[in-house]
file upload.cif (mmCIF, C-alpha atoms)
data_work
#
loop_
_atom_site.label_atom_id
_atom_site.label_comp_id
_atom_site.auth_asym_id
_atom_site.auth_seq_id
_atom_site.Cartn_x
_atom_site.Cartn_y
_atom_site.Cartn_z
CA MET A 1 -20.76 57.97 6.15
CA THR A 2 -24.03 57.54 4.31
CA THR A 3 -26.52 54.85 5.19
CA GLY A 4 -28.37 53.76 2.07
CA SER A 5 -31.61 51.88 1.54
CA SER A 6 -31.87 48.11 1.64
CA SER A 7 -31.14 47.99 -2.07
CA GLY A 8 -28.12 50.21 -1.95
CA GLY A 9 -26.14 48.93 1.02
CA ILE A 10 -23.83 51.24 2.88
CA ARG A 11 -21.12 53.30 1.25
CA ARG A 12 -17.86 53.46 3.10
CA LEU A 13 -16.24 56.86 2.86
CA ALA A 14 -13.26 56.54 5.21
CA GLY A 15 -9.84 54.89 5.10
CA ARG A 16 -9.46 52.00 2.70
CA TYR A 17 -13.22 51.47 2.26
CA LEU A 18 -14.12 53.50 -0.82
CA PRO A 19 -17.51 53.84 -2.51
CA LYS A 20 -18.29 50.79 -4.62
CA ALA A 21 -19.05 51.11 -8.29
CA SER A 22 -22.10 49.54 -9.81
CA ALA A 23 -21.44 46.17 -11.41
CA THR A 24 -23.15 47.41 -14.57
CA SER A 25 -21.98 51.04 -14.64
CA ARG A 26 -18.18 51.07 -14.72
CA HIS A 27 -17.46 54.45 -16.31
CA ARG A 28 -17.61 57.55 -14.14
CA PRO A 29 -17.39 61.13 -15.49
CA ALA A 30 -13.87 62.17 -16.35
CA PRO A 31 -12.19 64.91 -14.30
CA LYS A 32 -12.87 68.54 -15.08
CA LEU A 33 -10.47 70.35 -17.38
CA GLY A 34 -10.87 74.12 -17.47
CA ARG A 35 -14.54 75.04 -17.37
CA GLY A 36 -16.11 71.90 -18.74
CA TRP A 37 -16.35 68.14 -18.43
CA ILE A 38 -14.71 65.73 -20.83
CA LYS A 39 -17.46 63.70 -22.41
CA PRO A 40 -17.34 60.13 -21.04
CA PRO A 41 -17.10 57.32 -23.60
CA SER A 42 -20.36 55.77 -24.76
CA ALA A 43 -21.17 52.16 -23.97
CA ALA A 44 -20.68 51.23 -27.62
CA THR A 45 -17.27 52.90 -27.71
CA THR A 46 -16.24 51.12 -24.52
CA VAL A 47 -17.27 47.70 -25.82
CA SER A 48 -15.46 48.41 -29.08
CA ARG A 49 -12.28 49.28 -27.22
CA GLU A 50 -12.50 46.11 -25.10
CA VAL A 51 -12.92 43.93 -28.19
CA GLU A 52 -10.06 45.74 -29.91
CA THR A 53 -7.79 45.28 -26.87
CA GLU A 54 -8.61 41.57 -26.63
CA ALA A 55 -8.00 41.10 -30.34
CA ARG A 56 -4.58 42.73 -30.02
CA GLU A 57 -3.77 40.46 -27.08
CA GLU A 58 -4.79 37.28 -28.90
CA ARG A 59 -2.68 38.29 -31.88
CA TRP A 60 0.48 37.62 -29.86
CA ASN A 61 -0.58 34.35 -28.22
CA THR A 62 1.56 31.24 -28.65
CA MET A 63 -0.66 29.04 -26.49
CA ASP A 64 -4.24 28.23 -27.45
CA ILE A 65 -5.98 30.16 -24.67
CA GLU A 66 -9.73 29.66 -24.19
CA ARG A 67 -10.32 31.55 -20.93
CA THR A 68 -8.61 34.40 -19.09
CA VAL A 69 -8.75 34.55 -15.29
CA LEU A 70 -7.82 37.68 -13.37
CA VAL A 71 -6.39 37.11 -9.89
CA ALA A 72 -7.17 40.27 -7.91
CA VAL A 73 -4.62 40.69 -5.12
CA HIS A 74 -5.31 43.14 -2.29
CA THR A 75 -2.63 42.20 0.25
CA ILE A 76 0.02 39.58 0.93
CA THR A 77 -2.48 37.79 3.19
CA SER A 78 -4.98 37.53 0.36
CA LEU A 79 -2.25 36.49 -2.09
CA ILE A 80 -1.27 33.54 0.10
CA ARG A 81 -4.92 32.44 0.05
CA LEU A 82 -5.23 32.97 -3.69
CA GLU A 83 -2.22 30.77 -4.36
CA ASP A 84 -4.31 27.93 -2.89
CA ILE A 85 -7.42 28.84 -4.86
CA VAL A 86 -5.85 29.11 -8.33
CA LEU A 87 -3.62 26.04 -8.04
CA PRO A 88 -6.11 23.88 -9.99
CA LEU A 89 -5.92 26.30 -12.92
CA GLU A 90 -2.15 26.64 -13.19
CA ASP A 91 -1.71 23.31 -14.98
CA ASP A 92 -4.49 23.91 -17.51
CA PRO A 93 -3.10 25.05 -20.89
CA ARG A 94 -6.54 26.44 -21.82
CA VAL A 95 -6.46 29.03 -19.05
CA GLN A 96 -4.38 32.22 -18.93
CA LEU A 97 -3.85 33.58 -15.41
CA VAL A 98 -3.11 37.28 -15.06
CA TYR A 99 -2.74 39.23 -11.83
CA THR A 100 -3.49 42.76 -10.72
CA GLN A 101 -2.87 44.62 -7.47
CA VAL A 102 -6.05 46.15 -6.05
CA PRO A 103 -5.49 49.50 -4.30
CA ASP A 104 -5.43 48.72 -0.57
CA GLN A 105 -4.13 50.28 2.64
CA PHE A 106 -2.08 47.14 3.35
CA GLY A 107 -0.90 46.46 -0.20
CA GLU A 108 2.80 46.99 0.57
CA GLY A 109 4.88 44.06 -0.68
CA VAL A 110 2.36 42.75 -3.22
CA GLU A 111 4.22 44.16 -6.22
CA THR A 112 7.50 42.58 -5.09
CA ARG A 113 5.88 39.23 -4.37
CA LEU A 114 4.16 39.12 -7.76
CA ARG A 115 7.45 39.95 -9.47
CA ASP A 116 9.16 37.12 -7.58
CA MET A 117 6.36 34.75 -8.66
CA GLU A 118 7.10 35.65 -12.31
CA VAL A 119 3.41 35.92 -13.19
CA ARG A 120 1.91 38.26 -15.74
CA VAL A 121 0.70 41.47 -14.06
CA LEU A 122 -1.75 44.06 -15.34
CA SER A 123 -1.96 47.54 -13.89
CA TRP A 124 -5.13 48.32 -11.93
CA GLY A 125 -6.17 50.75 -14.64
CA ASP A 126 -5.84 48.12 -17.37
CA ALA A 127 -7.65 45.55 -15.24
CA THR A 128 -10.69 47.82 -14.82
CA ARG A 129 -10.91 48.48 -18.57
CA ARG A 130 -10.95 44.87 -19.74
CA LYS A 131 -13.47 42.09 -19.30
CA PHE A 132 -12.35 38.71 -17.94
CA ASP A 133 -13.97 35.29 -17.98
CA LEU A 134 -13.46 35.04 -14.22
CA VAL A 135 -12.10 37.23 -11.44
CA VAL A 136 -10.83 35.50 -8.29
CA ALA A 137 -10.21 37.41 -5.05
CA ALA A 138 -9.77 36.86 -1.32
CA SER A 139 -11.23 40.24 -0.38
CA LEU A 140 -14.37 42.06 -1.51
CA HIS A 141 -12.93 45.57 -1.54
CA ARG A 142 -13.43 47.11 -5.02
CA LEU A 143 -14.16 43.71 -6.52
CA GLY A 144 -17.18 45.18 -8.29
CA ASP A 145 -14.89 47.52 -10.25
CA LEU A 146 -13.48 44.61 -12.27
CA PRO A 147 -15.57 43.68 -15.33
CA ALA A 148 -16.02 39.93 -15.59
CA THR A 149 -18.41 37.23 -16.73
CA ALA A 150 -18.16 35.78 -13.20
CA ARG A 151 -16.49 36.62 -9.90
CA PHE A 152 -15.31 34.19 -7.20
CA ALA A 153 -14.45 35.33 -3.66
CA ALA A 154 -12.97 33.48 -0.70
CA PRO A 155 -12.19 34.56 2.88
CA HIS A 156 -8.59 35.38 3.79
CA GLY A 157 -8.86 33.98 7.33
CA ALA A 158 -10.32 31.01 9.21
CA GLY A 159 -13.83 31.79 8.09
CA TYR A 160 -15.57 35.09 8.81
CA ASN A 161 -14.64 36.06 12.36
CA LYS A 162 -14.20 39.81 12.67
CA LEU A 163 -16.83 42.46 13.14
CA TRP A 164 -16.70 45.67 11.18
CA PRO A 165 -14.55 48.18 13.11
CA ALA A 166 -16.45 50.56 15.35
CA TRP A 167 -15.18 53.63 13.48
CA ALA A 168 -16.90 52.39 10.31
CA TRP A 169 -20.27 51.99 12.05
CA PRO A 170 -20.49 54.85 14.59
CA GLY A 171 -24.24 54.38 15.04
CA LEU A 172 -24.07 50.62 15.53
CA LYS A 173 -21.19 50.07 17.92
CA ASP A 174 -23.02 47.27 19.73
CA ASP A 175 -24.54 45.64 16.67
CA ARG A 176 -21.89 45.71 13.97
CA PRO A 177 -22.13 43.15 11.16
CA VAL A 178 -19.65 40.37 10.50
CA TYR A 179 -17.26 41.62 7.84
CA GLY A 180 -17.43 39.82 4.50
CA LEU A 181 -20.98 38.52 4.92
CA ASP A 182 -22.70 41.91 5.03
CA ARG A 183 -24.67 43.93 2.51
CA ALA A 184 -22.12 46.75 2.34
CA SER A 185 -19.45 44.27 1.24
CA LEU A 186 -21.50 42.03 -1.04
CA LEU A 187 -23.93 44.30 -2.91
CA ASP A 188 -23.31 46.96 -5.52
CA ASP A 189 -25.10 50.32 -5.66
CA ASP A 190 -28.04 48.69 -7.46
CA GLY A 191 -28.49 46.14 -4.69
CA GLN A 192 -27.07 43.28 -6.79
CA PRO A 193 -24.45 40.78 -5.50
CA ILE A 194 -20.96 41.51 -6.81
CA VAL A 195 -19.99 37.81 -6.68
CA ASP A 196 -21.16 34.74 -8.55
CA ALA A 197 -19.54 32.35 -6.08
CA LEU A 198 -18.78 33.05 -2.42
CA LEU A 199 -16.72 30.41 -0.64
CA LEU A 200 -17.92 29.55 2.88
CA PRO A 201 -15.85 27.20 5.05
CA HIS A 202 -18.82 25.90 7.09
CA PRO A 203 -22.63 25.73 6.79
CA ALA A 204 -22.88 27.88 9.95
CA HIS A 205 -21.77 30.84 7.83
CA LEU A 206 -24.96 30.45 5.83
CA SER A 207 -26.98 31.51 8.87
CA THR A 208 -24.97 34.72 9.20
CA LEU A 209 -25.18 35.35 5.46
CA SER A 210 -28.94 34.75 5.44
CA ARG A 211 -29.40 37.24 8.26
CA GLN A 212 -27.08 39.93 6.93
CA CYS A 213 -27.33 39.62 3.14
CA PRO A 214 -29.96 37.14 1.92
CA GLU A 215 -29.46 38.32 -1.67
CA ALA A 216 -26.06 36.59 -1.73
CA VAL A 217 -27.21 33.22 -0.37
CA PRO A 218 -27.83 31.69 -3.85
CA TYR A 219 -24.16 32.27 -4.66
CA ALA A 220 -22.73 30.66 -1.52
CA VAL A 221 -20.55 27.56 -1.89
CA VAL A 222 -19.78 25.58 1.28
CA ALA A 223 -16.34 24.35 0.28
CA GLY A 224 -14.51 23.82 3.56
CA ASP A 225 -11.21 25.55 4.23
CA PRO A 226 -8.41 25.06 1.67
CA ALA A 227 -5.86 26.73 3.97
CA TYR A 228 -6.66 24.24 6.74
CA ASP A 229 -6.54 21.23 4.42
CA ARG A 230 -3.17 22.33 3.08
CA LEU A 231 -1.87 22.90 6.62
CA LEU A 232 -2.79 19.31 7.51
CA VAL A 233 -0.88 18.05 4.47
CA CYS A 234 2.15 20.05 5.61
CA ARG A 235 1.72 18.80 9.18
CA GLU A 236 2.21 15.24 7.91
CA HIS A 237 5.74 16.34 6.95
CA ARG A 238 6.49 17.91 10.32
CA GLU A 239 10.06 16.64 10.50
CA HIS A 240 10.86 18.17 7.12
CA TYR A 241 9.86 21.63 8.35
CA ARG A 242 11.59 21.20 11.71
CA GLU A 243 14.81 20.23 9.97
CA ARG A 244 14.65 23.21 7.62
CA LEU A 245 14.00 25.54 10.57
CA GLY A 246 16.94 24.08 12.47
CA ILE A 247 14.88 22.51 15.27
CA ARG A 248 16.81 19.78 17.05
CA GLU A 249 15.20 16.45 17.90
CA ALA A 250 14.82 17.16 21.61
CA GLN A 251 13.71 20.77 21.23
CA THR A 252 10.22 22.10 21.86
CA LEU A 253 9.19 24.66 19.24
CA VAL A 254 6.99 27.46 20.57
CA ALA A 255 5.48 29.51 17.76
CA VAL A 256 4.28 33.05 18.47
CA SER A 257 1.71 34.74 16.26
CA SER A 258 0.41 38.29 16.25
CA THR A 259 -2.37 39.74 14.14
CA TRP A 260 -2.40 43.48 13.37
CA GLY A 261 -3.93 46.52 15.04
CA PRO A 262 -4.12 48.05 18.54
CA ARG A 263 -5.66 44.90 20.07
CA SER A 264 -3.03 42.51 18.71
CA LEU A 265 -0.42 40.55 20.69
CA LEU A 266 2.35 42.93 19.64
CA ALA A 267 0.32 45.95 20.76
CA MET A 268 -1.08 44.54 24.00
CA ASN A 269 1.83 42.29 25.09
CA ARG A 270 4.81 43.84 23.37
CA ASP A 271 7.34 42.28 25.76
CA LEU A 272 5.95 38.75 25.51
CA PRO A 273 8.18 37.51 22.64
CA ARG A 274 11.31 38.51 24.60
CA ARG A 275 9.97 36.92 27.79
CA LEU A 276 9.26 33.64 26.02
CA ALA A 277 12.75 33.54 24.52
CA SER A 278 14.51 34.45 27.76
CA GLU A 279 12.42 32.63 30.39
CA LEU A 280 11.65 29.27 28.77
CA PRO A 281 14.19 26.46 29.38
CA ALA A 282 17.11 26.00 27.02
CA ASN A 283 15.45 23.06 25.26
CA HIS A 284 12.75 25.43 23.92
CA ARG A 285 13.03 27.34 20.63
CA VAL A 286 10.80 30.36 20.02
CA ILE A 287 9.92 31.60 16.52
CA ALA A 288 7.46 34.44 15.85
CA THR A 289 5.35 35.19 12.79
CA VAL A 290 3.68 38.56 12.27
CA HIS A 291 0.59 39.39 10.21
CA PRO A 292 1.57 40.86 6.82
CA ALA A 293 -0.43 44.01 7.61
CA VAL A 294 2.10 44.85 10.34
CA TRP A 295 4.98 44.68 7.85
CA ALA A 296 2.95 46.72 5.33
CA GLN A 297 1.94 49.46 7.76
CA HIS A 298 5.26 49.95 9.58
CA GLY A 299 7.89 48.80 7.09
CA ALA A 300 10.04 45.68 7.19
CA ARG A 301 13.08 47.41 8.66
CA GLN A 302 11.14 48.81 11.60
CA VAL A 303 9.43 45.47 12.31
CA ARG A 304 12.76 43.65 12.30
CA ASN A 305 14.26 46.23 14.64
CA ARG A 306 11.21 45.93 16.88
CA PHE A 307 12.39 42.38 17.64
CA ARG A 308 16.06 43.27 18.18
CA GLU A 309 16.02 42.80 21.96
CA ALA A 310 13.95 39.63 21.74
CA HIS A 311 16.34 38.25 19.13
CA ALA A 312 19.25 38.87 21.47
CA ALA A 313 17.37 36.73 24.01
CA GLY A 314 17.03 33.89 21.47
CA LEU A 315 13.88 34.67 19.46
CA ASP A 316 13.75 34.10 15.71
CA VAL A 317 11.26 35.79 13.38
CA VAL A 318 9.72 34.50 10.17
CA ASP A 319 10.74 37.01 7.50
CA THR A 320 8.56 39.39 5.54
CA TYR A 321 5.49 37.89 3.87
CA GLU A 322 6.45 34.23 4.30
CA ASP A 323 3.71 31.57 4.43
CA TRP A 324 2.77 30.82 8.06
CA ARG A 325 1.87 27.17 7.50
CA GLY A 326 5.46 25.96 7.45
CA LEU A 327 5.93 27.29 11.00
CA LEU A 328 2.71 25.73 12.32
CA ALA A 329 3.58 22.45 10.61
CA ALA A 330 6.68 22.26 12.82
CA ALA A 331 5.28 23.74 16.07
CA ASP A 332 4.67 22.08 19.44
CA PHE A 333 2.81 25.08 20.92
CA LEU A 334 1.32 28.35 19.70
CA VAL A 335 1.14 31.53 21.77
CA ALA A 336 -1.18 33.91 19.94
CA ASP A 337 -4.04 36.40 19.96
CA HIS A 338 -7.45 36.37 18.25
CA GLY A 339 -6.01 35.97 14.74
CA SER A 340 -6.93 33.05 12.50
CA LEU A 341 -3.70 31.19 13.22
CA SER A 342 -5.03 30.32 16.69
CA ALA A 343 -7.95 28.41 15.17
CA TYR A 344 -5.78 26.71 12.56
CA ALA A 345 -3.27 25.60 15.19
CA ALA A 346 -5.98 24.18 17.46
CA GLY A 347 -7.51 22.34 14.52
CA ALA A 348 -4.11 20.82 13.72
CA GLY A 349 -3.75 19.54 17.31
CA ILE A 350 -1.33 22.23 18.48
CA PRO A 351 -1.97 23.51 22.06
CA VAL A 352 -2.82 27.22 22.08
CA LEU A 353 -2.07 29.74 24.83
CA LEU A 354 -3.90 33.02 24.20
CA SER A 355 -1.98 36.14 25.11
CA HIS A 356 -5.37 37.89 25.61
CA PHE A 357 -8.68 38.00 23.78
CA ALA A 358 -10.06 41.06 21.99
CA ASP A 359 -13.72 40.14 22.25
CA SER A 360 -14.88 43.55 21.01
CA GLU A 361 -13.38 42.80 17.59
CA VAL A 362 -14.66 39.25 17.17
CA ASP A 363 -18.07 37.82 16.28
CA PRO A 364 -19.22 35.99 19.46
CA ASP A 365 -20.51 33.13 17.30
CA SER A 366 -17.24 32.71 15.40
CA ILE A 367 -14.74 29.87 15.55
CA VAL A 368 -12.16 32.12 17.22
CA ALA A 369 -14.61 33.12 19.97
CA GLU A 370 -15.47 29.46 20.56
CA LEU A 371 -11.77 28.61 20.83
CA ALA A 372 -11.27 31.37 23.41
CA ARG A 373 -13.93 29.79 25.63
CA HIS A 374 -11.76 26.66 25.89
CA SER A 375 -8.29 28.22 26.07
CA PRO A 376 -6.13 29.51 28.92
CA LEU A 377 -5.27 33.21 28.89
CA LEU A 378 -1.76 34.38 29.64
CA ASP A 379 -1.09 35.31 33.26
CA PRO A 380 1.74 37.89 33.21
CA GLN A 381 2.74 36.92 36.75
CA ALA A 382 2.83 33.12 36.39
CA PRO A 383 5.75 31.01 35.09
CA LEU A 384 5.51 30.47 31.35
CA VAL A 385 6.34 26.75 31.44
CA GLY A 386 3.33 26.05 33.64
CA GLN A 387 1.09 28.04 31.29
CA LEU A 388 2.26 25.97 28.32
CA THR A 389 1.37 22.89 30.36
CA ALA A 390 -2.13 24.31 30.90
CA ALA A 391 -2.44 24.82 27.14
CA ARG A 392 -1.44 21.21 26.55
CA GLU A 393 -4.11 20.04 29.00
CA ALA A 394 -6.70 22.20 27.22
CA GLN A 395 -5.72 20.95 23.77
CA PRO A 396 -8.40 18.21 23.44
CA ALA A 397 -11.16 20.73 24.26
CA GLN A 398 -9.61 23.26 21.88
CA TRP A 399 -9.57 20.71 19.08
CA ARG A 400 -13.22 19.82 19.64
CA ALA A 401 -14.16 23.51 19.68
CA VAL A 402 -12.75 24.21 16.22
CA HIS A 403 -12.40 20.95 14.32
CA ASP A 404 -15.97 20.54 13.07
CA ARG A 405 -16.06 24.12 11.81
CA LEU A 406 -12.69 23.87 10.06
CA ALA A 407 -13.26 20.36 8.75
CA ALA A 408 -16.74 20.74 7.28
CA ARG A 409 -15.34 19.50 3.97
CA GLN A 410 -11.98 18.19 5.18
CA GLY A 411 -9.96 16.54 2.47
CA VAL A 412 -12.29 17.54 -0.36
CA SER A 413 -12.01 21.34 -0.38
CA ALA A 414 -9.62 21.17 -3.33
CA GLU A 415 -12.16 19.24 -5.38
CA ILE A 416 -15.03 21.59 -4.49
CA VAL A 417 -12.98 24.70 -5.27
CA ARG A 418 -11.84 23.27 -8.59
CA GLU A 419 -15.35 22.19 -9.58
CA THR A 420 -16.67 25.67 -8.79
CA LEU A 421 -13.94 27.42 -10.79
CA TYR A 422 -14.45 25.24 -13.85
CA ARG A 423 -18.22 25.59 -13.65
CA LYS A 424 -17.89 29.37 -13.66
CA LEU A 425 -15.47 29.11 -16.60
CA SER A 426 -17.78 26.68 -18.50
CA LEU A 427 -14.85 24.30 -18.98
CA THR A 428 -14.50 20.59 -18.28
CA GLU A 429 -12.12 19.74 -15.43
CA LEU A 430 -8.76 18.14 -16.07
CA PRO A 431 -8.71 14.39 -15.36
CA HIS A 432 -6.00 14.30 -12.68
CA PRO A 433 -7.01 14.56 -8.99
CA ALA A 434 -6.80 17.85 -7.13
CA ARG A 435 -4.03 17.80 -4.52
CA TRP A 436 -2.29 20.21 -2.17
CA PRO A 437 1.48 20.56 -2.59
CA LEU A 438 3.66 21.41 0.40
CA VAL A 439 4.28 25.09 1.12
CA PRO A 440 7.94 26.16 1.17
CA PRO A 441 9.64 26.21 4.59
CA PRO A 442 9.58 29.80 5.87
CA LYS A 443 12.72 31.90 5.77
CA LEU A 444 13.82 33.55 8.99
CA VAL A 445 15.11 37.10 9.43
CA ARG A 446 18.88 37.13 9.12
CA ASP A 447 21.03 39.09 11.56
CA ASP A 448 22.38 41.32 8.79
CA ARG A 449 18.85 42.51 7.93
CA ARG A 450 18.01 43.95 11.34
CA GLY A 451 19.38 47.40 10.68
CA PRO A 452 22.27 49.25 12.32
#
call {"tool": "encode", "arguments": {"input": "upload.cif", "output": "structure tokens"}}
result
Amino acid sequence: MTTGSSSGGIRRLAGRYLPKASATSRHRPAPKLGRGWIKPPSAATTVSREVETEAREERWNTMDIERTVLVAVHTITSLIRLEDIVLPLEDDPRVQLVYTQVPDQFGEGVETRLRDMEVRVLSWGDATRRKFDLVVAASLHRLGDLPATARFAAPHGAGYNKLWPAWAWPGLKDDRPVYGLDRASLLDDDGQPIVDALLLPHPAHLSTLSRQCPEAVPYAVVAGDPAYDRLLVCREHREHYRERLGIREAQTLVAVSSTWGPRSLLAMNRDLPRRLASELPANHRVIATVHPAVWAQHGARQVRNRFREAHAAGLDVVDTYEDWRGLLAAADFLVADHGSLSAYAAGAGIPVLLSHFADSEVDPDSIVAELARHSPLLDPQAPLVGQLTAAREAQPAQWRAVHDRLAARQGVSAEIVRETLYRKLSLTELPHPARWPLVPPPKLVRDDRRGP
């Protein structure tokens, strides 16, 4: 790892964090062949090729396209967020949306999901060789490699909660920055911001951004949380989701959520899903949802088989890469770890029982840390029913702990996001109001997909 100057940020040389390219210098030397180097293309040649490519593309257009927007998809988690962000553009006949998959450690499943969405997809190589009017992403990794007139980035969780992992900052284990608001993430090699609009859910994030990367503050947009606003819309149709999930009128639905990594619920409390399904009274239904990174890292078949014993005890599992909001819209309780779903559930009025709290991974000033201060932690020795009761009693305090930070722009996040997108595209907005449609009810893992 190399620590650069204040203008250069920090280059990440391990795992999925690769060196970032300059926003202005996209073309690196070509690989060696034999004894010499292939001469890289000149700037004039590159521009000529881009114009030629765009001209060929426009030649085949049927629609009168004025702007092209690239949706840069890193993971299934980011894709779910991006579906919210680009909704205002999908109905605009002046805008062509194209998608690309950004190389990422947890990118498994993105190609399949994009194919199912029936969107136009460019290869990563093609995406880095063309210039777009706007690039939209829910992760900053390699965003600077995509040539664009403007770039828009949003978080893929409930704000910016997690610290950089200790392995990425071996010299700063006790003072690691908040990921996504730091210089290493936001600046290119020339010390220039890689984004032209950075969505912040709450003004409190501005303080962190000002401390960690003041150069990016002029590009910050406090827009609220689109994922939270859309969850609240879905929550108004709670009975619809309960019916589609097969929840009977008198049943209590306990949702279980695990983030990824060695400090997650599945890693630290691997028997908890089975215990909930087997020990709660018969009028309780238990359904688990797992962070997409778990499916990507271990494979869908192995994850499904991981729940085989719990399923025999009565647990159901939301299938691979399904949207989590349909489950929370129907839930009466959530048992979870330090993932974003805990904050979203509390903000939607759902009592939260924390399986544990990985404080070493979480910014102590974050919304998730504040929620943990008002939430009961699982006692492995105590009856589970009583612990759900304790969560219900804590629910008002949990709601107060997270609501203001989730609801900074409640009900208007769609309008702010749309206004920002159209401003960056230099287009007038469409006249109809911005609204959130319901997410599809999640599909559950079927018995015949659990392996032999």
call {"tool": "closest_atom_pairs", "arguments": {"input": "upload.cif", "of": "range 51-117 of chain A", "to": "range 290-305 of chain A", "cutoff": "7 Å", "atoms": "all atoms listed in the file", "output": "CSV"}}
result
residue,atom,partner,partner_atom,distance
A:Ile76,CA,A:Pro292,CA,6.2
A:Thr77,CA,A:Pro292,CA,6.2
A:Phe106,CA,A:Ala296,CA,5.4
A:Gly107,CA,A:Ala296,CA,6.7
A:Glu108,CA,A:Ala296,CA,4.8
A:Gly109,CA,A:Ala296,CA,6.8
call {"tool": "resolve_selection", "arguments": {"input": "upload.cif", "expression": "the PyMOL selection byres ((chain A and resi 358-368) around 6)", "output": "list in words"}}
result
Asn161, Lys162, Leu163, Ala343, Phe357, Ala369, Glu370 and Leu371 of chain A
call {"tool": "resolve_selection", "arguments": {"input": "upload.cif", "expression": "the PyMOL selection byres ((chain A and resi 159) around 10)", "output": "list in words"}}
result
Ala154, Pro155, His156, Gly157, Ala158, Tyr160, Asn161, Lys162, Gly180, Leu199, Leu200, Pro201, His202, His205, Gly224, Asp225, Ser340, Ala343, Ser366, Ile367, Val368, Arg405 and Leu406 of chain A
call {"tool": "write_last_selection", "arguments": {"input": "upload.cif", "atoms": "C-alpha atoms", "output": "short mmCIF file (atom, residue, chain, number, x, y, z; two decimals), keeping the file's coordinate frame"}}
result
data_model
loop_
_atom_site.label_atom_id
_atom_site.label_comp_id
_atom_site.auth_asym_id
_atom_site.auth_seq_id
_atom_site.Cartn_x
_atom_site.Cartn_y
_atom_site.Cartn_z
CA ALA A 154 -12.97 33.48 -0.70
CA PRO A 155 -12.19 34.56 2.88
CA HIS A 156 -8.59 35.38 3.79
CA GLY A 157 -8.86 33.98 7.33
CA ALA A 158 -10.32 31.01 9.21
CA TYR A 160 -15.57 35.09 8.81
CA ASN A 161 -14.64 36.06 12.36
CA LYS A 162 -14.20 39.81 12.67
CA GLY A 180 -17.43 39.82 4.50
CA LEU A 199 -16.72 30.41 -0.64
CA LEU A 200 -17.92 29.55 2.88
CA PRO A 201 -15.85 27.20 5.05
CA HIS A 202 -18.82 25.90 7.09
CA HIS A 205 -21.77 30.84 7.83
CA GLY A 224 -14.51 23.82 3.56
CA ASP A 225 -11.21 25.55 4.23
CA SER A 340 -6.93 33.05 12.50
CA ALA A 343 -7.95 28.41 15.17
CA SER A 366 -17.24 32.71 15.40
CA ILE A 367 -14.74 29.87 15.55
CA VAL A 368 -12.16 32.12 17.22
CA ARG A 405 -16.06 24.12 11.81
CA LEU A 406 -12.69 23.87 10.06
#
call {"tool": "atom_distance", "arguments": {"input": "upload.cif", "atom1": "CA of Val98 in chain A", "atom2": "CA of Val412 in chain A"}}
result
26.3 Å
call {"tool": "closest_residue", "arguments": {"input": "upload.cif", "among": "A:Tyr422, A:Leu206, A:Leu70, A:Leu315", "to": "Ser123 in chain A", "atoms": "all atoms listed in the file"}}
result
A:Leu70
call {"tool": "atom_distance", "arguments": {"input": "upload.cif", "atom1": "CA of Glu279 in chain A", "atom2": "CA of Arg446 in chain A"}}
result
22.7 Å
call {"tool": "closest_residue", "arguments": {"input": "upload.cif", "among": "A:Ser185, A:Ser257, A:Gln105, A:Thr420", "to": "Leu143 in chain A", "atoms": "all atoms listed in the file"}}
result
A:Ser185
call {"tool": "atom_distance", "arguments": {"input": "upload.cif", "atom1": "CA of Ala216 in chain A", "atom2": "CA of Gly191 in chain A"}}
result
10.3 Å
call {"tool": "resolve_selection", "arguments": {"input": "upload.cif", "expression": "the PyMOL selection byres ((chain A and resi 68) around 6)", "output": "VMD selection string"}}
result
chain A and resid 67 69 95 to 96 132 to 133
call {"tool": "residues_around", "arguments": {"input": "upload.cif", "residues": "Pro218 in chain A", "least_positions_apart": "5", "cutoff": "10 Å", "atoms": "only C-alpha atoms", "output": "list in words"}}
result
Pro193, Asp196, Ala197, Leu198 and Ser210 of chain A
call {"tool": "closest_residue", "arguments": {"input": "upload.cif", "among": "A:Asn269, A:Ser355, A:Ser375, A:Gln410", "to": "Glu393 in chain A", "atoms": "all atoms listed in the file"}}
result
A:Ser375
call {"tool": "build_atoms", "arguments": {"input": "upload.cif", "residues": "range 294-300 of chain A", "atoms": "N, CA and C atoms", "output": "compact mmCIF listing (two decimals), in the frame of the given file"}}
result
# COMPACT_ATOMS: atom_id res chain seq x y z
N VAL A 294 1.14 44.15 9.47
CA VAL A 294 2.10 44.85 10.34
C VAL A 294 3.32 45.27 9.53
N TRP A 295 3.84 44.35 8.72
CA TRP A 295 4.98 44.68 7.85
C TRP A 295 4.60 45.80 6.89
N ALA A 296 3.37 45.73 6.32
CA ALA A 296 2.95 46.72 5.33
C ALA A 296 2.79 48.10 5.95
N GLN A 297 2.23 48.17 7.15
CA GLN A 297 1.94 49.46 7.76
C GLN A 297 3.20 50.14 8.31
N HIS A 298 4.12 49.35 8.87
CA HIS A 298 5.26 49.95 9.58
C HIS A 298 6.58 49.83 8.84
N GLY A 299 6.65 48.97 7.82
CA GLY A 299 7.89 48.80 7.09
C GLY A 299 8.72 47.66 7.66
N ALA A 300 9.32 46.88 6.77
CA ALA A 300 10.04 45.68 7.19
C ALA A 300 11.21 46.01 8.12
